[in-house]
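Chemist: Just so it is clear, I am handing over start_22.txt, which has compact mmCIF, C-alpha atoms and all ligand atoms.
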```txt
# COMPACT_ATOMS: atom_id res chain seq x y z
CA MET A 1412 -7.52 46.73 48.71
CA ASN A 1413 -4.80 49.32 48.89
CA ILE A 1414 -1.56 47.37 49.22
CA VAL A 1415 1.98 48.63 49.78
CA VAL A 1416 4.87 46.31 48.93
CA CYS A 1417 8.40 47.00 50.19
CA LEU A 1418 11.17 46.11 47.75
CA LYS A 1419 14.90 46.35 48.33
CA GLN A 1420 17.58 46.24 45.68
CA VAL A 1421 20.42 43.89 46.65
CA PRO A 1422 23.69 42.75 45.04
CA GLY A 1423 23.01 39.81 42.73
CA THR A 1424 26.29 38.13 43.68
CA THR A 1425 28.00 36.63 46.70
CA GLN A 1426 31.36 38.00 45.47
CA VAL A 1427 30.95 41.32 47.31
CA LYS A 1428 33.86 43.44 48.47
CA ILE A 1429 33.98 45.54 51.62
CA ASN A 1430 35.61 48.95 51.85
CA PRO A 1431 38.06 48.41 54.77
CA GLN A 1432 38.00 52.11 55.72
CA THR A 1433 34.24 52.54 55.98
CA ASN A 1434 33.19 48.91 56.49
CA THR A 1435 30.54 49.39 53.84
CA LEU A 1436 29.79 47.39 50.74
CA ILE A 1437 31.54 48.44 47.51
CA ARG A 1438 28.47 48.64 45.28
CA GLN A 1439 30.11 49.90 42.06
CA ASP A 1440 30.14 47.41 39.17
CA ILE A 1441 27.82 45.03 41.02
CA LYS A 1442 24.75 43.80 39.17
CA ASN A 1443 21.77 44.49 41.39
CA ILE A 1444 18.59 42.46 41.62
CA VAL A 1445 15.35 42.75 43.54
CA ASN A 1446 15.71 40.96 46.89
CA PRO A 1447 14.34 37.47 46.03
CA PHE A 1448 11.96 37.34 49.04
CA ASP A 1449 10.44 40.65 47.90
CA THR A 1450 9.34 39.14 44.58
CA TYR A 1451 6.98 36.89 46.61
CA ALA A 1452 5.72 39.96 48.51
CA LEU A 1453 4.98 41.72 45.22
CA GLU A 1454 3.27 38.68 43.71
CA GLU A 1455 1.04 38.32 46.77
CA GLY A 1456 0.12 42.01 46.59
CA VAL A 1457 -0.82 41.66 42.92
CA ARG A 1458 -2.86 38.49 43.60
CA LEU A 1459 -4.79 40.26 46.39
CA LYS A 1460 -5.50 43.15 44.06
CA GLU A 1461 -6.75 40.73 41.39
CA ARG A 1462 -8.99 39.03 43.98
CA TYR A 1463 -10.38 42.06 45.82
CA GLY A 1464 -9.67 45.02 43.52
CA GLY A 1465 -7.62 48.05 44.53
CA LYS A 1466 -4.01 48.91 43.78
CA VAL A 1467 -0.45 47.97 44.58
CA THR A 1468 2.20 50.56 45.43
CA ALA A 1469 5.80 49.33 45.33
CA ILE A 1470 8.13 51.34 47.54
CA SER A 1471 11.88 51.24 47.94
CA MET A 1472 14.52 53.21 49.76
CA GLY A 1473 17.76 53.13 47.85
CA PRO A 1474 20.10 54.82 45.37
CA PRO A 1475 18.77 56.29 42.07
CA GLN A 1476 19.51 53.05 40.19
CA ALA A 1477 16.77 51.31 42.23
CA GLU A 1478 14.45 52.96 39.71
CA GLY A 1479 15.09 50.05 37.30
CA MET A 1480 13.90 47.57 39.92
CA LEU A 1481 10.70 49.60 40.43
CA ARG A 1482 10.07 49.49 36.67
CA GLU A 1483 10.35 45.71 36.89
CA ALA A 1484 7.76 45.84 39.68
CA ILE A 1485 5.36 47.67 37.36
CA ALA A 1486 5.99 45.06 34.66
CA ALA A 1487 5.10 42.39 37.25
CA GLY A 1488 1.81 44.05 38.20
CA ALA A 1489 2.43 47.03 40.53
CA ASP A 1490 0.24 50.05 39.72
CA GLN A 1491 2.52 52.75 41.08
CA THR A 1492 5.91 53.11 42.70
CA ILE A 1493 7.76 55.43 45.05
CA LEU A 1494 11.54 55.64 45.28
CA LEU A 1495 12.91 57.15 48.50
CA SER A 1496 16.27 58.45 47.45
CA ASP A 1497 18.40 61.12 49.05
CA ARG A 1498 22.01 61.38 50.23
CA ALA A 1499 20.55 61.97 53.69
CA PHE A 1500 19.19 58.39 53.68
CA ALA A 1501 22.63 56.84 53.04
CA GLY A 1502 24.18 54.55 55.66
CA ALA A 1503 20.81 53.78 57.28
CA ASP A 1504 20.63 50.80 59.61
CA THR A 1505 17.37 48.87 59.98
CA LEU A 1506 15.91 51.39 62.44
CA ALA A 1507 16.51 54.39 60.17
CA THR A 1508 15.36 52.37 57.13
CA ALA A 1509 12.09 51.41 58.84
CA TYR A 1510 11.56 54.99 60.07
CA THR A 1511 12.04 56.42 56.55
CA LEU A 1512 9.80 53.81 54.91
CA ALA A 1513 7.12 54.43 57.58
CA GLN A 1514 7.12 58.21 57.00
CA ALA A 1515 6.51 57.61 53.29
CA ILE A 1516 3.83 54.93 53.85
CA LYS A 1517 1.96 57.31 56.20
CA LYS A 1518 1.55 59.61 53.19
CA ILE A 1519 -0.19 56.89 51.15
CA GLU A 1520 -3.87 57.46 51.73
CA GLY A 1521 -6.04 54.60 53.03
CA TYR A 1522 -3.59 51.71 52.77
CA ASP A 1523 -4.85 48.36 54.12
CA LEU A 1524 -1.81 46.15 54.07
CA VAL A 1525 1.99 46.47 53.93
CA ILE A 1526 3.86 43.41 52.62
CA CYS A 1527 7.59 42.83 53.13
CA GLY A 1528 9.86 39.92 52.28
CA ARG A 1529 10.93 37.84 55.28
CA GLN A 1530 14.51 39.15 55.05
CA THR A 1531 17.04 40.45 52.58
CA ILE A 1532 19.94 38.45 51.18
CA ASP A 1533 22.49 41.19 51.95
CA GLY A 1534 21.65 42.84 55.30
CA ASP A 1535 19.86 39.61 56.26
CA THR A 1536 18.44 40.90 59.54
CA GLY A 1537 14.68 40.46 59.00
CA GLN A 1538 14.21 43.50 61.24
CA VAL A 1539 12.72 46.05 58.87
CA GLY A 1540 9.23 44.46 58.74
CA PRO A 1541 8.64 44.41 62.53
CA GLU A 1542 10.27 47.82 62.99
CA LEU A 1543 8.07 49.23 60.26
CA ALA A 1544 4.96 47.89 62.02
CA GLU A 1545 6.14 49.48 65.25
CA GLU A 1546 6.67 52.85 63.53
CA LEU A 1547 3.21 52.66 61.97
CA GLY A 1548 1.61 51.40 65.20
CA LEU A 1549 0.21 48.32 63.39
CA PRO A 1550 0.05 44.57 64.06
CA PHE A 1551 2.87 42.53 62.51
CA ILE A 1552 2.75 38.92 61.35
CA ALA A 1553 5.97 37.25 60.21
CA TYR A 1554 6.61 34.15 58.04
CA VAL A 1555 3.23 34.32 56.30
CA ASN A 1556 2.78 31.42 53.86
CA LYS A 1557 -0.90 31.83 53.00
CA ILE A 1558 -3.52 34.54 53.01
CA GLU A 1559 -6.72 32.64 53.60
CA GLU A 1560 -9.37 35.31 53.47
CA THR A 1561 -9.82 39.05 53.61
CA THR A 1562 -13.03 40.74 54.68
CA THR A 1563 -13.61 44.40 55.44
CA GLY A 1564 -11.06 45.43 58.01
CA GLN A 1565 -10.02 41.86 58.79
CA MET A 1566 -7.63 39.26 57.37
CA ARG A 1567 -7.11 35.58 58.10
CA ILE A 1568 -3.52 34.53 57.63
CA GLN A 1569 -1.51 31.35 57.94
CA ARG A 1570 2.09 31.64 59.14
CA MET A 1571 4.87 29.10 59.38
CA ILE A 1572 6.26 28.15 62.76
CA GLU A 1573 8.95 25.61 63.54
CA GLU A 1574 6.64 22.67 64.03
CA GLY A 1575 3.65 23.54 61.87
CA HIS A 1576 1.39 26.43 61.02
CA GLU A 1577 -0.54 29.08 62.93
CA LEU A 1578 -3.82 30.54 61.76
CA ILE A 1579 -4.13 34.17 62.76
CA GLU A 1580 -6.85 36.77 62.38
CA THR A 1581 -5.67 40.33 62.31
CA PRO A 1582 -7.41 43.66 61.95
CA LEU A 1583 -6.35 45.77 58.98
CA PRO A 1584 -4.26 47.73 58.32
CA ALA A 1585 -1.40 45.42 59.22
CA VAL A 1586 2.18 44.67 58.20
CA ILE A 1587 3.18 41.15 57.17
CA SER A 1588 6.38 39.49 55.96
CA VAL A 1589 6.14 36.56 53.59
CA VAL A 1590 8.10 33.38 52.94
CA LYS A 1591 8.74 31.87 49.51
CA GLU A 1592 6.18 29.10 50.08
CA ILE A 1593 3.38 31.66 49.66
CA ASN A 1594 3.28 31.69 45.84
CA VAL A 1595 5.18 31.39 42.58
CA PRO A 1596 5.99 34.87 41.25
CA ARG A 1597 4.81 35.44 37.70
CA LEU A 1598 6.98 36.53 34.79
CA PRO A 1599 6.36 40.09 33.57
CA SER A 1600 3.74 40.33 30.83
CA LEU A 1601 4.40 42.12 27.52
CA ARG A 1602 1.70 44.65 28.46
CA GLY A 1603 3.43 45.17 31.79
CA ILE A 1604 6.83 45.67 30.18
CA ILE A 1605 5.39 48.34 27.85
CA LYS A 1606 3.64 50.04 30.80
CA ALA A 1607 6.87 49.95 32.82
CA LYS A 1608 8.87 51.56 30.03
CA ASP A 1609 6.73 54.70 30.05
CA ALA A 1610 6.02 54.80 33.78
CA ILE A 1611 7.03 57.81 35.83
CA ILE A 1612 8.87 56.75 38.98
CA PRO A 1613 8.34 59.48 41.60
CA VAL A 1614 11.40 60.13 43.76
CA TRP A 1615 10.77 61.36 47.30
CA THR A 1616 13.60 63.05 49.17
CA ALA A 1617 14.01 63.86 52.88
CA HIS A 1618 12.54 67.27 52.09
CA ASN A 1619 9.45 65.74 50.42
CA LEU A 1620 8.92 63.49 53.42
CA GLY A 1621 9.42 66.37 55.83
CA VAL A 1622 11.56 64.15 58.05
CA ASP A 1623 13.89 65.23 60.81
CA PRO A 1624 17.41 64.70 59.27
CA SER A 1625 18.70 63.36 62.57
CA MET A 1626 16.24 60.43 62.28
CA VAL A 1627 17.37 59.17 58.84
CA GLY A 1628 20.53 57.76 57.26
CA LEU A 1629 23.69 57.33 59.29
CA ASP A 1630 22.67 60.05 61.78
CA GLY A 1631 19.39 58.29 62.53
CA SER A 1632 21.03 54.88 62.93
CA ALA A 1633 21.32 53.32 66.34
CA THR A 1634 24.02 50.90 65.17
CA ARG A 1635 27.35 51.20 63.36
CA VAL A 1636 29.14 48.43 61.50
CA VAL A 1637 32.49 48.48 63.31
CA LYS A 1638 34.14 45.70 61.37
CA ILE A 1639 33.24 43.12 58.74
CA PHE A 1640 35.44 40.06 58.51
CA PHE A 1641 35.45 36.40 57.59
CA PRO A 1642 35.73 34.19 60.66
CA GLU A 1643 39.22 32.80 61.07
CA ARG A 1644 39.40 29.05 60.50
CA VAL A 1645 41.51 27.38 63.12
CA ARG A 1646 42.07 23.70 62.45
CA HIS A 1647 44.45 21.58 64.46
CA GLY A 1648 44.93 18.30 62.68
CA GLU A 1649 46.67 15.43 64.41
CA LYS A 1650 47.57 12.00 63.06
CA LEU A 1651 47.10 9.23 65.60
CA GLN A 1652 49.93 6.70 65.68
CA GLY A 1653 50.00 2.94 66.22
CA ASP A 1654 47.72 0.17 65.03
CA LEU A 1655 43.97 0.62 64.76
CA GLU A 1656 43.21 -0.39 68.36
CA ASP A 1657 45.80 2.04 69.74
CA GLN A 1658 44.43 4.81 67.56
CA VAL A 1659 40.87 4.20 68.78
CA ALA A 1660 41.99 4.08 72.43
CA SER A 1661 43.98 7.27 72.01
CA LEU A 1662 41.03 8.98 70.30
CA ILE A 1663 38.66 8.00 73.13
CA GLU A 1664 41.09 9.33 75.70
CA LYS A 1665 41.41 12.64 73.86
CA LEU A 1666 37.63 13.00 73.55
CA ARG A 1667 37.21 12.23 77.27
CA LYS A 1668 39.88 14.76 78.18
CA SER A 1669 38.18 17.44 76.09
CA ARG A 1670 34.84 16.40 77.68
CA VAL A 1671 33.24 15.62 74.32
CA ILE A 1672 32.22 12.20 75.69
C1 LIG A 1701 26.63 43.74 58.47
C2 LIG A 1701 25.85 44.74 57.69
C3 LIG A 1701 26.49 45.55 56.76
C4 LIG A 1701 25.79 46.50 56.04
N1 LIG A 1701 26.46 47.27 55.13
C5 LIG A 1701 25.80 48.17 54.40
C6 LIG A 1701 26.46 48.96 53.42
O1 LIG A 1701 27.65 48.81 53.24
N2 LIG A 1701 25.75 49.89 52.72
C7 LIG A 1701 24.40 50.01 52.90
O2 LIG A 1701 23.79 50.82 52.22
N3 LIG A 1701 23.75 49.27 53.78
C8 LIG A 1701 24.41 48.36 54.56
N4 LIG A 1701 23.76 47.64 55.49
C9 LIG A 1701 22.41 47.55 55.38
C10 LIG A 1701 21.36 48.31 56.03
O3 LIG A 1701 21.46 48.19 57.41
C11 LIG A 1701 20.14 47.62 55.44
O4 LIG A 1701 20.13 47.84 54.05
C12 LIG A 1701 18.79 48.10 55.84
O5 LIG A 1701 18.75 48.62 57.09
C13 LIG A 1701 17.76 46.96 55.67
O6 LIG A 1701 18.10 45.89 56.51
P1 LIG A 1701 18.12 44.44 55.95
O7 LIG A 1701 18.79 44.46 54.64
O8 LIG A 1701 18.64 43.54 57.00
O9 LIG A 1701 16.56 44.15 55.69
P2 LIG A 1701 15.57 43.06 56.33
O10 LIG A 1701 15.11 43.53 57.63
O11 LIG A 1701 16.18 41.69 56.24
O12 LIG A 1701 14.42 43.21 55.25
C14 LIG A 1701 13.12 42.69 55.44
C15 LIG A 1701 12.22 43.27 54.39
O13 LIG A 1701 12.07 44.67 54.60
C16 LIG A 1701 11.96 45.35 53.34
N5 LIG A 1701 13.10 46.28 53.17
C17 LIG A 1701 14.32 46.24 53.76
N6 LIG A 1701 15.08 47.27 53.34
C18 LIG A 1701 14.33 47.98 52.47
C19 LIG A 1701 14.54 49.14 51.67
N7 LIG A 1701 15.70 49.80 51.69
N8 LIG A 1701 13.53 49.57 50.90
C20 LIG A 1701 12.33 48.91 50.85
N9 LIG A 1701 12.07 47.81 51.56
C21 LIG A 1701 13.05 47.35 52.36
C22 LIG A 1701 11.97 44.26 52.26
O14 LIG A 1701 10.65 43.88 52.00
C23 LIG A 1701 12.72 43.14 52.96
O15 LIG A 1701 12.44 41.86 52.43
C24 LIG A 1701 24.43 46.64 56.23
C25 LIG A 1701 23.76 45.83 57.15
C26 LIG A 1701 24.46 44.89 57.89
C27 LIG A 1701 23.73 44.01 58.89
```
What's the structure tokens form of this structure?

Modeler:
Amino acid sequence: MNIVVCLKQVPGTTQVKINPQTNTLIRQDIKNIVNPFDTYALEEGVRLKERYGGKVTAISMGPPQAEGMLREAIAAGADQTILLSDRAFAGADTLATAYTLAQAIKKIEGYDLVICGRQTIDGDTGQVGPELAEELGLPFIAYVNKIEETTTGQMRIQRMIEEGHELIETPLPAVISVVKEINVPRLPSLRGIIKAKDAIIPVWTAHNLGVDPSMVGLDGSATRVVKIFFPERVRHGEKLQGDLEDQVASLIEKLRKSRVI
């Protein structure tokens, strides 16, 4: 099986700061990690390769420092990596991100399956997986918690829904997004770490992809972050007077007036 796994580098802290002028994240001096959900995607890709043979390609769109994360992916079992990095890709929303990833994946010959995490812990939209499937013209299955069986051109998958599970058969190639219940990611092996150290991480730019610049980065984004802010907390406390019975009666009246009861 020829498997592509999408990995995003995210800030490894909740103490992020926002640039008030641009409404973008201040990423300097932040320790980055691989998006936790994507570690399950990678592990599943590696397990499928071990079961059916083939190879795993880890792909990421991000700044040059995402190279370190891709080395970690090799240490954890990926065979090859691609980093999509170019100033032209900066400021991408989910639509432009999915478009750019799709253009790169189309260049990977004979892929059978694309695996994403269910969502990131920074952007948090969960939109890239389904948008990617749309760009590639492939079926998409979200919240996958088990891959039951894969035969030539076909895969049987279990996905989580609110009140249980769904068993789905899909033709391949397909795009799936996985939840953390799917597996327990392995620790990198010593052999993997040595392999990762010497690995060449190819970097593909907008020119390499041959993409229309108006379709990527900020220019290719359908949305703009206008403002990021913490919701204002408005609390009106009031101490009820009188003895306990009076307080209860007064509380009931207030709740009735505000139509809570
Ligand atoms: C409020 C807000 C503020 C933002 N601010 C900034 C900012 O300041 N600077 C900035 O650069 N971006 C910013 N973005 C983020 C940008 O829109 C997202 O990085 C990008 O579009 C991916 O969306 P997501 O993080 O919601 O991914 P999701 O849709 O939640 O990701 C689902 C899965 O898709 C895959 N995936 C997602 N992104 C990538 C990727 N880049 N490479 C490989 N695989 C990927 C992963 O497998 C992931 O688990 C912001 C987004 C929002 C909503």

Chemist: Show me which residues line ligand LIG 1701 (chain A), defined as having an atom within 6 Å of a ligand atom where only C-alpha atoms and all ligand atoms count, and present them as a compact mmCIF listing (two decimals) with C-alpha atoms, in the frame of the given file.

Modeler:
```txt
# COMPACT_ATOMS: atom_id res chain seq x y z
CA CYS A 1417 8.40 47.00 50.19
CA LEU A 1418 11.17 46.11 47.75
CA LYS A 1419 14.90 46.35 48.33
CA THR A 1435 30.54 49.39 53.84
CA LEU A 1436 29.79 47.39 50.74
CA PHE A 1448 11.96 37.34 49.04
CA ASP A 1449 10.44 40.65 47.90
CA ILE A 1470 8.13 51.34 47.54
CA SER A 1471 11.88 51.24 47.94
CA MET A 1472 14.52 53.21 49.76
CA GLY A 1473 17.76 53.13 47.85
CA GLY A 1502 24.18 54.55 55.66
CA ALA A 1503 20.81 53.78 57.28
CA ASP A 1504 20.63 50.80 59.61
CA THR A 1505 17.37 48.87 59.98
CA THR A 1508 15.36 52.37 57.13
CA CYS A 1527 7.59 42.83 53.13
CA GLY A 1528 9.86 39.92 52.28
CA ARG A 1529 10.93 37.84 55.28
CA GLN A 1530 14.51 39.15 55.05
CA THR A 1531 17.04 40.45 52.58
CA ASP A 1533 22.49 41.19 51.95
CA GLY A 1534 21.65 42.84 55.30
CA ASP A 1535 19.86 39.61 56.26
CA THR A 1536 18.44 40.90 59.54
CA GLY A 1537 14.68 40.46 59.00
CA GLN A 1538 14.21 43.50 61.24
CA VAL A 1539 12.72 46.05 58.87
CA GLY A 1540 9.23 44.46 58.74
```

Chemist: Just give me the gap between CA of Glu1580 in chain A and CA of Gln1565 in chain A in Å, one decimal is fine.

Modeler: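 Going from CA of Glu1580 in chain A over to CA of Gln1565 in chain A covers 7.0 Å.
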
Chemist: With all atoms listed in the file as the basis for distance, which of A:Lys1557, A:Asn1446, A:Asp1657, A:Ala1515 is at the shortest distance from Glu1592 in chain A?

Modeler: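 The closest residue to Glu1592 in chain A is A:Lys1557.
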
Chemist: Nearest to Ser1625 in chain A among A:Thr1511, A:Gln1476, A:Asn1556, A:Asn1594, with distances taken over all atoms listed in the file: which residue is it?

Modeler: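 The answer is A:Thr1511, which sits nearest to Ser1625 in chain A.
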
Chemist: Give me the residues within 9 Å of Gly1488 in chain A as a PyMOL selection string, counting only C-alpha atoms and dropping any in the same chain fewer than 6 places off.

Modeler: chain A and resi 1453-1454+1456-1457+1467+1599-1600+1603

Chemist: Go through A:Val1622, A:Leu1549, A:Ile1639, A:Leu1662 one by one, measure the shortest atom-to-atom distance of each to Val1427 in chain A using all atoms listed in the file, and give the residue with the smallest value.

Modeler: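 Selected residue with least distance to Val1427 in chain A: A:Ile1639.
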
Chemist: For a quick check of understanding, using all atoms listed in the file, which of A:Ile1572, A:Ala1486, A:Leu1459, A:Val1445 has the smallest distance to Leu1598 in chain A?

Modeler: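 Distance minimum relative to Leu1598 in chain A lands on A:Ala1486.
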
Chemist: Nearest to Pro1475 in chain A: which of A:Val1614, A:Leu1601, A:Ala1607, A:Ser1588 is it, counting all atoms listed in the file?

Modeler: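 Among A:Val1614, A:Leu1601, A:Ala1607, A:Ser1588, it is A:Val1614 that comes nearest to Pro1475 in chain A.
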
Chemist: Can you tell me how far CA of Tyr1522 in chain A sits from CA of Asn1413 in chain A, in Å to one decimal?

Modeler: 4.7 Å

Chemist: To one decimal place, how far is CA of Leu1583 in chain A from CA of Pro1550 in chain A in Å?

Modeler: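 If I compute the distance from CA of Leu1583 in chain A to CA of Pro1550 in chain A, I get 8.3 Å.
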
Chemist: For Arg1438 in chain A, find every residue with an atom within 12 Å (counting only C-alpha atoms), except residues of its own chain fewer than 4 positions away, and show them as a ChimeraX atom specification.

Modeler: /A:1420-1424,1426-1430,1442-1443,1473-1474,1476,1533
